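Student: Input file: input.cif. Contents: mmCIF, C-alpha atoms.
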data_start
#
loop_
_atom_site.label_atom_id
_atom_site.label_comp_id
_atom_site.auth_asym_id
_atom_site.auth_seq_id
_atom_site.Cartn_x
_atom_site.Cartn_y
_atom_site.Cartn_z
CA MET M 1 27.71 147.74 126.27
CA THR M 2 30.55 149.12 124.25
CA PRO M 3 30.49 148.23 120.55
CA PRO M 4 33.24 145.92 119.37
CA LYS M 5 36.30 147.86 118.32
CA ALA M 6 36.65 148.20 114.55
CA PRO M 7 39.74 146.50 113.18
CA ALA M 8 42.53 148.93 112.39
CA ALA M 9 42.55 150.07 108.75
CA PRO M 10 45.46 148.51 106.85
CA GLN M 11 48.36 150.92 107.04
CA SER M 12 50.74 151.56 104.20
CA GLY M 13 54.04 151.09 105.97
CA PRO M 14 57.55 150.86 104.52
CA ARG M 15 57.00 147.24 103.50
CA ASP M 16 54.03 148.13 101.29
CA GLN M 17 55.78 151.20 99.92
CA ILE M 18 58.76 149.09 98.89
CA LEU M 19 56.52 146.62 97.05
CA GLU M 20 54.53 149.38 95.33
CA SER M 21 57.72 151.11 94.19
CA THR M 22 59.06 147.81 92.87
CA ILE M 23 55.88 147.25 90.87
CA HIS M 24 56.06 150.79 89.50
CA LEU M 25 59.70 150.41 88.45
CA MET M 26 59.18 146.95 86.94
CA ARG M 27 56.24 148.20 84.90
CA GLN M 28 58.54 150.88 83.53
CA SER M 29 61.68 148.93 82.68
CA GLY M 30 61.57 145.43 84.09
CA LEU M 31 64.12 143.93 86.45
CA SER M 32 66.90 146.20 85.26
CA GLY M 33 64.96 149.28 86.39
CA ALA M 34 64.15 147.84 89.80
CA GLY M 35 67.55 147.75 91.50
CA ILE M 36 67.81 148.11 95.27
CA ASN M 37 69.02 151.72 95.03
CA GLN M 38 66.24 152.66 92.62
CA ILE M 39 63.62 151.06 94.89
CA LEU M 40 65.02 152.95 97.89
CA ALA M 41 65.02 156.25 96.01
CA HIS M 42 61.48 155.78 94.68
CA SER M 43 59.90 154.52 97.91
CA GLY M 44 61.75 156.81 100.30
CA ALA M 45 62.20 153.80 102.60
CA PRO M 46 65.34 153.73 104.74
CA LYS M 47 67.89 151.15 103.64
CA GLY M 48 67.62 149.32 106.96
CA SER M 49 63.91 148.65 106.45
CA MET M 50 64.66 147.04 103.08
CA TYR M 51 66.82 144.34 104.65
CA TYR M 52 64.58 144.10 107.72
CA TYR M 53 61.45 143.33 105.70
CA PHE M 54 63.13 141.49 102.84
CA PRO M 55 66.10 139.50 104.15
CA GLY M 56 66.14 137.66 100.80
CA GLY M 57 67.12 140.88 99.03
CA LYS M 58 66.19 141.72 95.46
CA GLN M 59 65.07 138.19 94.64
CA GLN M 60 62.52 138.24 97.48
CA ILE M 61 61.31 141.78 96.78
CA THR M 62 60.87 141.07 93.08
CA SER M 63 59.04 137.78 93.65
CA GLU M 64 56.65 139.29 96.18
CA ALA M 65 56.01 142.37 94.06
CA LEU M 66 55.27 140.24 90.98
CA THR M 67 52.90 138.02 92.94
CA LEU M 68 51.07 141.04 94.40
CA TYR M 69 50.89 142.63 90.94
CA GLY M 70 49.62 139.35 89.47
CA ARG M 71 46.74 139.12 91.96
CA ARG M 72 45.80 142.75 91.41
CA ILE M 73 45.63 142.32 87.64
CA ALA M 74 43.73 139.03 87.96
CA ASP M 75 41.13 140.90 90.04
CA ALA M 76 40.94 143.71 87.47
CA PHE M 77 40.50 141.14 84.67
CA GLU M 78 37.74 139.45 86.68
CA THR M 79 35.92 142.77 87.16
CA ALA M 80 36.20 143.75 83.48
CA LEU M 81 35.05 140.33 82.26
CA SER M 82 32.14 140.24 84.72
CA SER M 83 30.94 143.68 83.58
CA LYS M 84 29.54 142.32 80.29
CA ASN M 85 27.07 139.58 79.44
CA GLU M 86 28.32 138.51 76.06
CA PRO M 87 31.76 137.33 74.95
CA ALA M 88 32.57 140.02 72.38
CA GLY M 89 31.79 142.75 74.92
CA MET M 90 33.92 141.02 77.54
CA ILE M 91 36.94 140.93 75.23
CA ARG M 92 36.54 144.58 74.31
CA ALA M 93 36.19 145.52 78.01
CA LEU M 94 39.41 143.68 78.81
CA PHE M 95 41.41 145.55 76.16
CA ARG M 96 39.77 148.84 77.16
CA LEU M 97 41.00 148.22 80.73
CA ILE M 98 44.56 147.69 79.51
CA ALA M 99 44.43 150.67 77.15
CA ASP M 100 43.33 152.85 80.08
CA ARG M 101 46.22 151.58 82.19
CA LEU M 102 48.68 152.35 79.39
CA GLU M 103 47.32 155.87 79.09
CA GLN M 104 47.31 156.43 82.88
CA GLY M 105 51.00 155.47 82.92
CA THR M 106 51.64 158.10 80.20
CA PHE M 107 52.82 155.33 77.86
CA ASP M 108 55.89 154.70 80.01
CA GLN M 109 54.38 151.89 82.08
CA SER M 110 53.14 148.55 80.81
CA CYS M 111 52.96 145.06 82.30
CA ALA M 112 55.45 144.14 85.03
CA ALA M 113 55.34 140.47 84.02
CA GLY M 114 56.11 141.19 80.37
CA ALA M 115 58.86 143.69 81.13
CA VAL M 116 60.52 141.27 83.57
CA VAL M 117 60.43 138.31 81.15
CA LEU M 118 62.23 140.32 78.47
CA ASP M 119 64.93 141.26 80.96
CA LEU M 120 65.83 137.77 82.07
CA GLY M 121 69.26 136.37 81.45
CA PRO M 122 69.59 132.57 81.25
CA GLU M 123 70.61 132.42 84.92
CA VAL M 124 67.42 133.83 86.52
CA GLY M 125 65.26 130.72 86.73
CA ASP M 126 63.35 131.52 89.91
CA ILE M 127 61.91 134.81 88.76
CA ARG M 128 60.94 133.27 85.43
CA ASN M 129 58.86 130.71 87.31
CA VAL M 130 57.11 133.44 89.30
CA VAL M 131 56.18 135.20 86.06
CA ALA M 132 55.00 131.93 84.50
CA ASP M 133 52.72 131.38 87.52
CA VAL M 134 51.31 134.91 87.21
CA LEU M 135 50.59 134.44 83.50
CA ALA M 136 48.97 131.05 84.19
CA SER M 137 46.69 132.62 86.82
CA TRP M 138 45.52 135.24 84.31
CA ARG M 139 44.91 132.54 81.71
CA THR M 140 42.67 130.70 84.20
CA VAL M 141 40.63 133.83 84.97
CA ILE M 142 40.09 134.66 81.29
CA ALA M 143 39.40 131.06 80.21
CA ARG M 144 36.66 130.74 82.85
CA HIS M 145 34.69 133.51 81.14
CA LEU M 146 35.02 132.23 77.58
CA PRO M 147 32.09 130.57 75.82
CA MET M 148 33.81 127.71 73.94
CA ARG M 149 32.67 124.23 74.94
CA SER M 150 36.16 122.73 74.76
CA ARG M 151 38.40 123.49 77.70
CA ASP M 152 41.48 123.32 75.46
CA LYS M 153 39.99 125.98 73.19
CA ARG M 154 39.18 128.24 76.13
CA GLU M 155 42.74 127.92 77.48
CA SER M 156 44.26 128.44 74.05
CA PHE M 157 42.13 131.50 73.26
CA ALA M 158 42.89 132.94 76.70
CA GLY M 159 46.59 132.58 75.83
CA LEU M 160 46.02 134.49 72.59
CA VAL M 161 44.26 137.25 74.56
CA ILE M 162 47.21 137.57 76.94
CA SER M 163 49.71 137.55 74.05
CA ALA M 164 47.76 140.29 72.29
CA ILE M 165 47.68 142.34 75.51
CA GLU M 166 51.42 141.95 76.16
CA GLY M 167 52.27 142.73 72.54
CA GLY M 168 49.72 145.54 72.37
CA TYR M 169 51.52 147.15 75.30
CA ILE M 170 54.78 146.99 73.30
CA LEU M 171 53.28 148.58 70.18
CA GLY M 172 51.36 151.07 72.32
CA ARG M 173 54.47 152.22 74.18
CA ALA M 174 56.48 152.49 70.96
CA GLU M 175 53.73 154.47 69.19
CA ARG M 176 52.51 156.27 72.35
CA SER M 177 48.99 155.23 71.43
CA THR M 178 46.17 153.06 72.76
CA ALA M 179 45.14 152.15 69.20
CA PRO M 180 47.10 148.86 68.96
CA LEU M 181 45.37 147.53 72.11
CA LEU M 182 41.88 148.72 71.14
CA GLU M 183 42.23 147.36 67.60
CA ALA M 184 43.50 144.01 68.90
CA GLY M 185 40.46 143.87 71.20
CA ALA M 186 38.10 144.62 68.32
CA TRP M 187 39.61 141.84 66.17
CA LEU M 188 39.58 139.25 68.96
CA ALA M 189 35.97 140.18 69.78
CA LEU M 190 35.13 139.01 66.23
CA LEU M 191 36.88 135.70 66.86
CA VAL M 192 35.40 134.69 70.22
CA LYS M 193 32.46 132.37 69.55
CA ASN M 194 30.26 129.80 71.21
CA ASP M 195 31.45 126.64 69.53
CA MET Z 1 90.37 139.68 27.79
CA THR Z 2 90.50 139.25 31.53
CA PRO Z 3 87.16 138.74 33.20
CA PRO Z 4 85.97 141.52 35.50
CA LYS Z 5 87.25 141.05 38.99
CA ALA Z 6 84.63 139.66 41.37
CA PRO Z 7 83.70 142.07 44.14
CA ALA Z 8 85.29 141.20 47.46
CA ALA Z 9 83.05 139.11 49.70
CA PRO Z 10 81.67 141.18 52.56
CA GLN Z 11 84.00 140.79 55.51
CA SER Z 12 82.84 140.59 59.07
CA GLY Z 13 85.09 143.15 60.72
CA PRO Z 14 84.91 144.62 64.21
CA ARG Z 15 82.12 147.01 63.18
CA ASP Z 16 79.83 144.15 62.12
CA GLN Z 17 80.77 142.08 65.15
CA ILE Z 18 79.83 144.95 67.45
CA LEU Z 19 76.42 145.31 65.79
CA GLU Z 20 75.77 141.55 65.86
CA SER Z 21 76.67 141.36 69.54
CA THR Z 22 74.40 144.30 70.28
CA ILE Z 23 71.50 142.58 68.50
CA HIS Z 24 72.19 139.36 70.41
CA LEU Z 25 72.28 141.14 73.76
CA MET Z 26 69.19 143.26 73.04
CA ARG Z 27 67.22 140.16 72.02
CA GLN Z 28 68.13 138.69 75.41
CA SER Z 29 67.48 141.57 77.79
CA GLY Z 30 66.87 144.81 75.93
CA LEU Z 31 68.85 148.00 76.38
CA SER Z 32 69.86 147.15 79.93
CA GLY Z 33 71.69 144.03 78.74
CA ALA Z 34 73.52 145.84 75.95
CA GLY Z 35 75.89 148.09 77.85
CA ILE Z 36 79.21 149.07 76.30
CA ASN Z 37 81.16 146.66 78.51
CA GLN Z 38 78.82 143.79 77.72
CA ILE Z 39 79.05 144.49 73.99
CA LEU Z 40 82.86 144.56 74.21
CA ALA Z 41 82.95 141.29 76.15
CA HIS Z 42 80.54 139.53 73.79
CA SER Z 43 82.06 140.77 70.53
CA GLY Z 44 85.70 140.54 71.55
CA ALA Z 45 86.22 143.93 69.86
CA PRO Z 46 88.91 146.18 71.31
CA LYS Z 47 87.55 149.21 73.17
CA GLY Z 48 89.26 151.57 70.76
CA SER Z 49 87.37 150.14 67.78
CA MET Z 50 84.08 150.80 69.56
CA TYR Z 51 84.70 154.54 69.70
CA TYR Z 52 86.38 154.57 66.29
CA TYR Z 53 83.39 153.05 64.51
CA PHE Z 54 80.68 154.49 66.74
CA PRO Z 55 81.69 157.97 67.89
CA GLY Z 56 78.09 158.49 69.03
CA GLY Z 57 78.53 155.79 71.69
CA LYS Z 58 75.75 153.56 72.94
CA GLN Z 59 72.99 155.65 71.36
CA GLN Z 60 74.54 155.21 67.89
CA ILE Z 61 75.33 151.52 68.33
CA THR Z 62 71.83 150.76 69.60
CA SER Z 63 70.11 152.71 66.82
CA GLU Z 64 72.17 151.08 64.08
CA ALA Z 65 71.75 147.61 65.55
CA LEU Z 66 67.97 148.03 65.83
CA THR Z 67 67.75 149.28 62.25
CA LEU Z 68 69.85 146.37 60.95
CA TYR Z 69 67.76 143.93 63.00
CA GLY Z 70 64.56 145.53 61.71
CA ARG Z 71 65.59 145.05 58.06
CA ARG Z 72 66.63 141.47 58.67
CA ILE Z 73 63.28 140.58 60.27
CA ALA Z 74 61.34 142.43 57.56
CA ASP Z 75 63.15 140.26 54.98
CA ALA Z 76 62.38 137.09 56.96
CA PHE Z 77 58.70 138.12 57.19
CA GLU Z 78 58.63 138.74 53.44
CA THR Z 79 60.09 135.30 52.73
CA ALA Z 80 57.67 133.52 55.08
CA LEU Z 81 54.64 135.37 53.70
CA SER Z 82 55.69 134.75 50.09
CA SER Z 83 56.08 131.02 50.73
CA LYS Z 84 52.31 130.44 50.79
CA ASN Z 85 49.51 131.21 48.36
CA GLU Z 86 46.62 131.67 50.72
CA PRO Z 87 46.19 133.99 53.71
CA ALA Z 88 45.68 131.40 56.47
CA GLY Z 89 48.83 129.55 55.41
CA MET Z 90 50.78 132.82 55.32
CA ILE Z 91 49.80 133.67 58.88
CA ARG Z 92 50.72 130.22 60.14
CA ALA Z 93 54.08 130.39 58.30
CA LEU Z 94 54.83 133.73 59.98
CA PHE Z 95 54.21 132.38 63.47
CA ARG Z 96 56.15 129.19 62.66
CA LEU Z 97 59.12 131.38 61.70
CA ILE Z 98 58.97 133.20 65.04
CA ALA Z 99 58.47 129.98 67.00
CA ASP Z 100 61.58 128.56 65.33
CA ARG Z 101 63.58 131.66 66.25
CA LEU Z 102 62.44 131.40 69.88
CA GLU Z 103 63.51 127.76 69.99
CA GLN Z 104 66.86 128.44 68.29
CA GLY Z 105 67.56 131.06 70.96
CA THR Z 106 66.84 128.40 73.63
CA PHE Z 107 63.94 130.51 74.92
CA ASP Z 108 66.34 133.20 76.16
CA GLN Z 109 66.16 135.39 73.06
CA SER Z 110 63.12 137.11 71.65
CA CYS Z 111 62.56 140.33 69.71
CA ALA Z 112 65.10 143.13 70.09
CA ALA Z 113 62.44 145.77 69.38
CA GLY Z 114 60.07 144.46 72.04
CA ALA Z 115 62.76 144.00 74.66
CA VAL Z 116 64.08 147.52 74.07
CA VAL Z 117 60.64 149.16 74.29
CA LEU Z 118 59.99 147.59 77.69
CA ASP Z 119 63.32 148.90 78.94
CA LEU Z 120 62.80 152.54 78.07
CA GLY Z 121 62.68 155.18 80.75
CA PRO Z 122 60.76 158.38 79.95
CA GLU Z 123 63.99 160.10 78.92
CA VAL Z 124 64.99 157.89 75.96
CA GLY Z 125 62.96 159.42 73.15
CA ASP Z 126 65.32 158.80 70.26
CA ILE Z 127 65.55 155.05 70.67
CA ARG Z 128 61.79 154.82 71.05
CA ASN Z 129 61.42 156.47 67.64
CA VAL Z 130 63.84 153.98 66.07
CA VAL Z 131 61.78 151.10 67.46
CA ALA Z 132 58.54 152.72 66.28
CA ASP Z 133 60.02 152.96 62.76
CA VAL Z 134 61.07 149.30 62.85
CA LEU Z 135 57.59 148.19 63.94
CA ALA Z 136 55.99 150.38 61.25
CA SER Z 137 58.19 148.77 58.58
CA TRP Z 138 57.06 145.30 59.66
CA ARG Z 139 53.44 146.41 59.62
CA THR Z 140 53.86 147.57 56.02
CA VAL Z 141 55.40 144.25 54.92
CA ILE Z 142 52.64 142.18 56.55
CA ALA Z 143 49.78 144.45 55.43
CA ARG Z 144 50.93 144.17 51.79
CA HIS Z 145 50.30 140.42 51.86
CA LEU Z 146 46.85 140.56 53.51
CA PRO Z 147 43.68 139.94 51.48
CA MET Z 148 41.30 142.56 52.95
CA ARG Z 149 40.06 145.14 50.46
CA SER Z 150 40.26 148.00 52.95
CA ARG Z 151 43.72 149.38 53.54
CA ASP Z 152 42.77 150.35 57.11
CA LYS Z 153 41.76 146.76 57.84
CA ARG Z 154 45.01 145.42 56.39
CA GLU Z 155 47.06 147.82 58.54
CA SER Z 156 45.00 147.10 61.62
CA PHE Z 157 45.18 143.32 61.22
CA ALA Z 158 48.93 143.56 60.58
CA GLY Z 159 49.19 145.41 63.89
CA LEU Z 160 47.31 142.58 65.62
CA VAL Z 161 49.72 140.07 64.06
CA ILE Z 162 52.74 141.98 65.39
CA SER Z 163 51.15 142.34 68.84
CA ALA Z 164 50.45 138.61 68.96
CA ILE Z 165 54.05 137.89 67.93
CA GLU Z 166 55.55 140.23 70.53
CA GLY Z 167 53.26 138.91 73.25
CA GLY Z 168 53.71 135.32 72.12
CA TYR Z 169 57.45 135.78 72.62
CA ILE Z 170 56.75 136.91 76.22
CA LEU Z 171 54.52 133.92 77.02
CA GLY Z 172 56.88 131.60 75.17
CA ARG Z 173 59.94 132.75 77.12
CA ALA Z 174 58.06 132.54 80.43
CA GLU Z 175 56.74 129.03 79.67
CA ARG Z 176 59.81 127.93 77.67
CA SER Z 177 57.47 126.76 74.94
CA THR Z 178 56.62 127.55 71.33
CA ALA Z 179 52.95 126.70 71.97
CA PRO Z 180 51.75 130.28 72.67
CA LEU Z 181 53.12 131.47 69.31
CA LEU Z 182 51.84 128.50 67.31
CA GLU Z 183 48.39 128.69 68.93
CA ALA Z 184 48.19 132.44 68.30
CA GLY Z 185 49.06 131.77 64.65
CA ALA Z 186 46.34 129.13 64.37
CA TRP Z 187 43.71 131.49 65.82
CA LEU Z 188 44.70 134.42 63.63
CA ALA Z 189 44.71 132.16 60.56
CA LEU Z 190 40.97 131.63 61.28
CA LEU Z 191 40.40 135.37 61.37
CA VAL Z 192 42.20 136.48 58.21
CA LYS Z 193 39.59 136.75 55.46
CA ASN Z 194 39.00 138.25 52.06
CA ASP Z 195 36.49 140.95 52.89
#
In structure tokens, how does this file's structure come out?

Tutor:
Amino acid sequence: MTPPKAPAAPQSGPRDQILESTIHLMRQSGLSGAGINQILAHSGAPKGSMYYYFPGGKQQITSEALTLYGRRIADAFETALSSKNEPAGMIRALFRLIADRLEQGTFDQSCAAGAVVLDLGPEVGDIRNVVADVLASWRTVIARHLPMRSRDKRESFAGLVISAIEGGYILGRAERSTAPLLEAGAWLALLVKND
Amino acid sequence: MTPPKAPAAPQSGPRDQILESTIHLMRQSGLSGAGINQILAHSGAPKGSMYYYFPGGKQQITSEALTLYGRRIADAFETALSSKNEPAGMIRALFRLIADRLEQGTFDQSCAAGAVVLDLGPEVGDIRNVVADVLASWRTVIARHLPMRSRDKRESFAGLVISAIEGGYILGRAERSTAPLLEAGAWLALLVKND
């Protein structure tokens, strides 16, 4: 008997490369940094493949990249939160994760969702909704790990955590330092309580 | 005796209009939204006046606009913090001020400093320093009003407040809601203590 054939390993083709480059560029400077020409230059993908894989153009590429990025970060949040048994440690682990990401991106990369929101003109409703969905998914992941009895309090505190992360990225990039994120984590660890 | 002549009221000439338009555009979409052509279109200033008043071009306009914006917000912070006698009320007043600004800008305008930071490529060192100075000036204003005995704690908590404001703007624009800012203010009001 021949063993069943192993499924092919997922290949990183032009489609994936385009999405990864879009995420990279959005983390650096939002929508304005992720133009079609910049994505082509960064990914090395031929122009034809761009329109072949993404007939909806920049709107489609940006939406898919944000959604992929959102799931990846939700998974990273889940892992960080699950690594600790008590709430204060969870919060510190979450901010440590983000501080490490800021440092790995040499203080030039932050959160794609945050950078895109601050780039939106009044006309770009669709992308704003994609970002809102991403932020809501992160809020759900964080809230599920919080100890407060009231669901409203868990959701509200999770929102504060995300605000402090997004703003900590801004201060961290401006100061080229992880201190704003780590200090925010230490303060919020004092505030998270079983009540 | 003739009374001394009153000083002329400050006039809003093309120079001021250019700076105000730059602030408006940066609050909407950062550096990428505040190109020379966009500033001209928004301000109605003739192209010649742009180069007459700002021979350093976009770099000079952006730096001056950010500095002017920074002073204006520092003054608004000072007024909000001085309006209350106890720390929790001060923190809530600060976040109420920002929530009102977000609403007045119909959720399309946030903080010029934050939007500019998330637009920076690795090459734009000078503007990053201007933003870092603006953020540091706000930290000083807030820290001065905080009740903690330790200066380090006052500075650190002031940093958390600014992070929560910057991130609350991001969530607020994405959700078109003042709730993230007001909830962040309510949580941080619980955390600010005389110790």

Student: Per residue of chain M within 9 Å of chain Z, what are the shortest atom pair and its distance in Å to one decimal, counting all atoms listed in the file, with rows by chain and residue number, as CSV?

Tutor:
residue,atom,partner,partner_atom,distance
M:Arg27,CA,Z:Leu118,CA,8.1
M:Gln28,CA,Z:Gly121,CA,6.6
M:Ser29,CA,Z:Asp119,CA,4.1
M:Gly30,CA,Z:Asp119,CA,6.5
M:Ser32,CA,Z:Ser32,CA,6.2
M:Gly33,CA,Z:Asp119,CA,7.6
M:Phe107,CA,Z:Pro122,CA,8.8
M:Asp108,CA,Z:Pro122,CA,6.1
M:Gln109,CA,Z:Leu118,CA,8.3
M:Ser110,CA,Z:Leu118,CA,7.6
M:Cys111,CA,Z:Leu118,CA,8.8
M:Ala113,CA,Z:Ile170,CA,8.7
M:Gly114,CA,Z:Ile170,CA,6.0
M:Ala115,CA,Z:Leu118,CA,5.3
M:Val116,CA,Z:Leu118,CA,8.6
M:Val117,CA,Z:Ala174,CA,6.3
M:Leu118,CA,Z:Ala115,CA,5.3
M:Asp119,CA,Z:Ser29,CA,4.1
M:Leu120,CA,Z:Ser29,CA,6.0
M:Gly121,CA,Z:Gln28,CA,6.6
M:Pro122,CA,Z:Asp108,CA,6.1
M:Arg128,CA,Z:Ala174,CA,5.8
M:Asn129,CA,Z:Ala174,CA,7.2
M:Val130,CA,Z:Ala174,CA,9.0
M:Val131,CA,Z:Ala174,CA,6.5
M:Ala132,CA,Z:Ala174,CA,5.1
M:Asp133,CA,Z:Ala174,CA,9.0
M:Leu135,CA,Z:Leu171,CA,7.6
M:Ser156,CA,Z:Glu183,CA,6.6
M:Phe157,CA,Z:Trp187,CA,7.6
M:Gly159,CA,Z:Pro180,CA,6.5
M:Leu160,CA,Z:Ala184,CA,5.2
M:Val161,CA,Z:Ala164,CA,8.5
M:Ile162,CA,Z:Gly167,CA,7.2
M:Ser163,CA,Z:Gly167,CA,3.9
M:Ala164,CA,Z:Ala164,CA,4.6
M:Ile165,CA,Z:Gly167,CA,6.9
M:Glu166,CA,Z:Gly167,CA,4.6
M:Gly167,CA,Z:Ser163,CA,3.9
M:Gly168,CA,Z:Ser163,CA,5.0
M:Tyr169,CA,Z:Ser163,CA,8.1
M:Ile170,CA,Z:Gly114,CA,6.0
M:Leu171,CA,Z:Ser163,CA,6.7
M:Arg173,CA,Z:Val117,CA,6.9
M:Ala174,CA,Z:Ala132,CA,5.1
M:Glu175,CA,Z:Ala132,CA,5.9
M:Pro180,CA,Z:Gly159,CA,6.5
M:Leu181,CA,Z:Leu160,CA,8.4
M:Glu183,CA,Z:Ser156,CA,6.6
M:Ala184,CA,Z:Leu160,CA,5.2
M:Gly185,CA,Z:Leu160,CA,8.9
M:Trp187,CA,Z:Phe157,CA,7.6
M:Leu188,CA,Z:Leu191,CA,8.6
M:Leu190,CA,Z:Leu191,CA,8.0
M:Leu191,CA,Z:Leu191,CA,6.5

Student: With the file shown as input, list the residues that the PyMOL selection byres ((chain Z and resi 44) around 12) selects, as an MDAnalysis selection string.

Tutor: chainID Z and resid 13:22 36:43 45:50

Student: Would you save the residues from that selection as a PDB file, in the coordinates of the input, using C-alpha atoms?

Tutor:
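Result written to out-v4.pdb:
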ATOM      1  CA  GLY Z  13      85.090 143.150  60.720  1.00  0.00           C
ATOM      2  CA  PRO Z  14      84.910 144.620  64.210  1.00  0.00           C
ATOM      3  CA  ARG Z  15      82.120 147.010  63.180  1.00  0.00           C
ATOM      4  CA  ASP Z  16      79.830 144.150  62.120  1.00  0.00           C
ATOM      5  CA  GLN Z  17      80.770 142.080  65.150  1.00  0.00           C
ATOM      6  CA  ILE Z  18      79.830 144.950  67.450  1.00  0.00           C
ATOM      7  CA  LEU Z  19      76.420 145.310  65.790  1.00  0.00           C
ATOM      8  CA  GLU Z  20      75.770 141.550  65.860  1.00  0.00           C
ATOM      9  CA  SER Z  21      76.670 141.360  69.540  1.00  0.00           C
ATOM     10  CA  THR Z  22      74.400 144.300  70.280  1.00  0.00           C
ATOM     11  CA  ILE Z  36      79.210 149.070  76.300  1.00  0.00           C
ATOM     12  CA  ASN Z  37      81.160 146.660  78.510  1.00  0.00           C
ATOM     13  CA  GLN Z  38      78.820 143.790  77.720  1.00  0.00           C
ATOM     14  CA  ILE Z  39      79.050 144.490  73.990  1.00  0.00           C
ATOM     15  CA  LEU Z  40      82.860 144.560  74.210  1.00  0.00           C
ATOM     16  CA  ALA Z  41      82.950 141.290  76.150  1.00  0.00           C
ATOM     17  CA  HIS Z  42      80.540 139.530  73.790  1.00  0.00           C
ATOM     18  CA  SER Z  43      82.060 140.770  70.530  1.00  0.00           C
ATOM     19  CA  ALA Z  45      86.220 143.930  69.860  1.00  0.00           C
ATOM     20  CA  PRO Z  46      88.910 146.180  71.310  1.00  0.00           C
ATOM     21  CA  LYS Z  47      87.550 149.210  73.170  1.00  0.00           C
ATOM     22  CA  GLY Z  48      89.260 151.570  70.760  1.00  0.00           C
ATOM     23  CA  SER Z  49      87.370 150.140  67.780  1.00  0.00           C
ATOM     24  CA  MET Z  50      84.080 150.800  69.560  1.00  0.00           C
TER      25      MET Z  50
END

Student: Tell me which residues the PyMOL selection byres ((chain Z and resi 75) around 12) grabs here, as a list in words.

Tutor: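 Selection result, ordered by chain and number: Leu68, Tyr69, Gly70, Arg71, Arg72, Ile73, Ala74, Ala76, Phe77, Glu78, Thr79, Ala80, Leu81, Ser82, Leu94, Leu97, Ser137, Trp138, Thr140, Val141 and Ile142 of chain Z.
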
Student: Figure out the distance between atom CA of Met90 of chain M and atom CA of Ile23 of chain M, please, to one decimal in Å.

Tutor: 26.4 Å

Student: What does the distance between atom CA of Pro87 of chain M and atom CA of Arg149 of chain Z come to in Å, to one decimal place?

Tutor: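 Computing the Euclidean distance for atom CA of Pro87 of chain M and atom CA of Arg149 of chain Z yields 27.0 Å.
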
Student: For Gln104 of chain M, which of M:Leu66, M:Pro55, M:Lys193, M:Thr178 is the closest residue, counting all atoms listed in the file?

Tutor: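 Ranked by minimum distance to Gln104 of chain M, first place goes to M:Thr178.
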
Student: Between atom CA of Ala65 of chain M and atom CA of Phe95 of chain M, what is the distance, to one decimal in Å?

Tutor: 23.3 Å

Student: Using the chain letters and numbering of this document, enumerate as a list in words the residues selected by the PyMOL selection byres ((chain M and resi 57-59) around 9).

Tutor: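 With the PyMOL selection byres ((chain M and resi 57-59) around 9) on this model, the match is Ala34, Gly35, Ile36, Met50, Tyr51, Phe54, Pro55, Gly56, Gln60, Ile61, Thr62, Ser63, Glu64, Asp126 and Ile127 of chain M.
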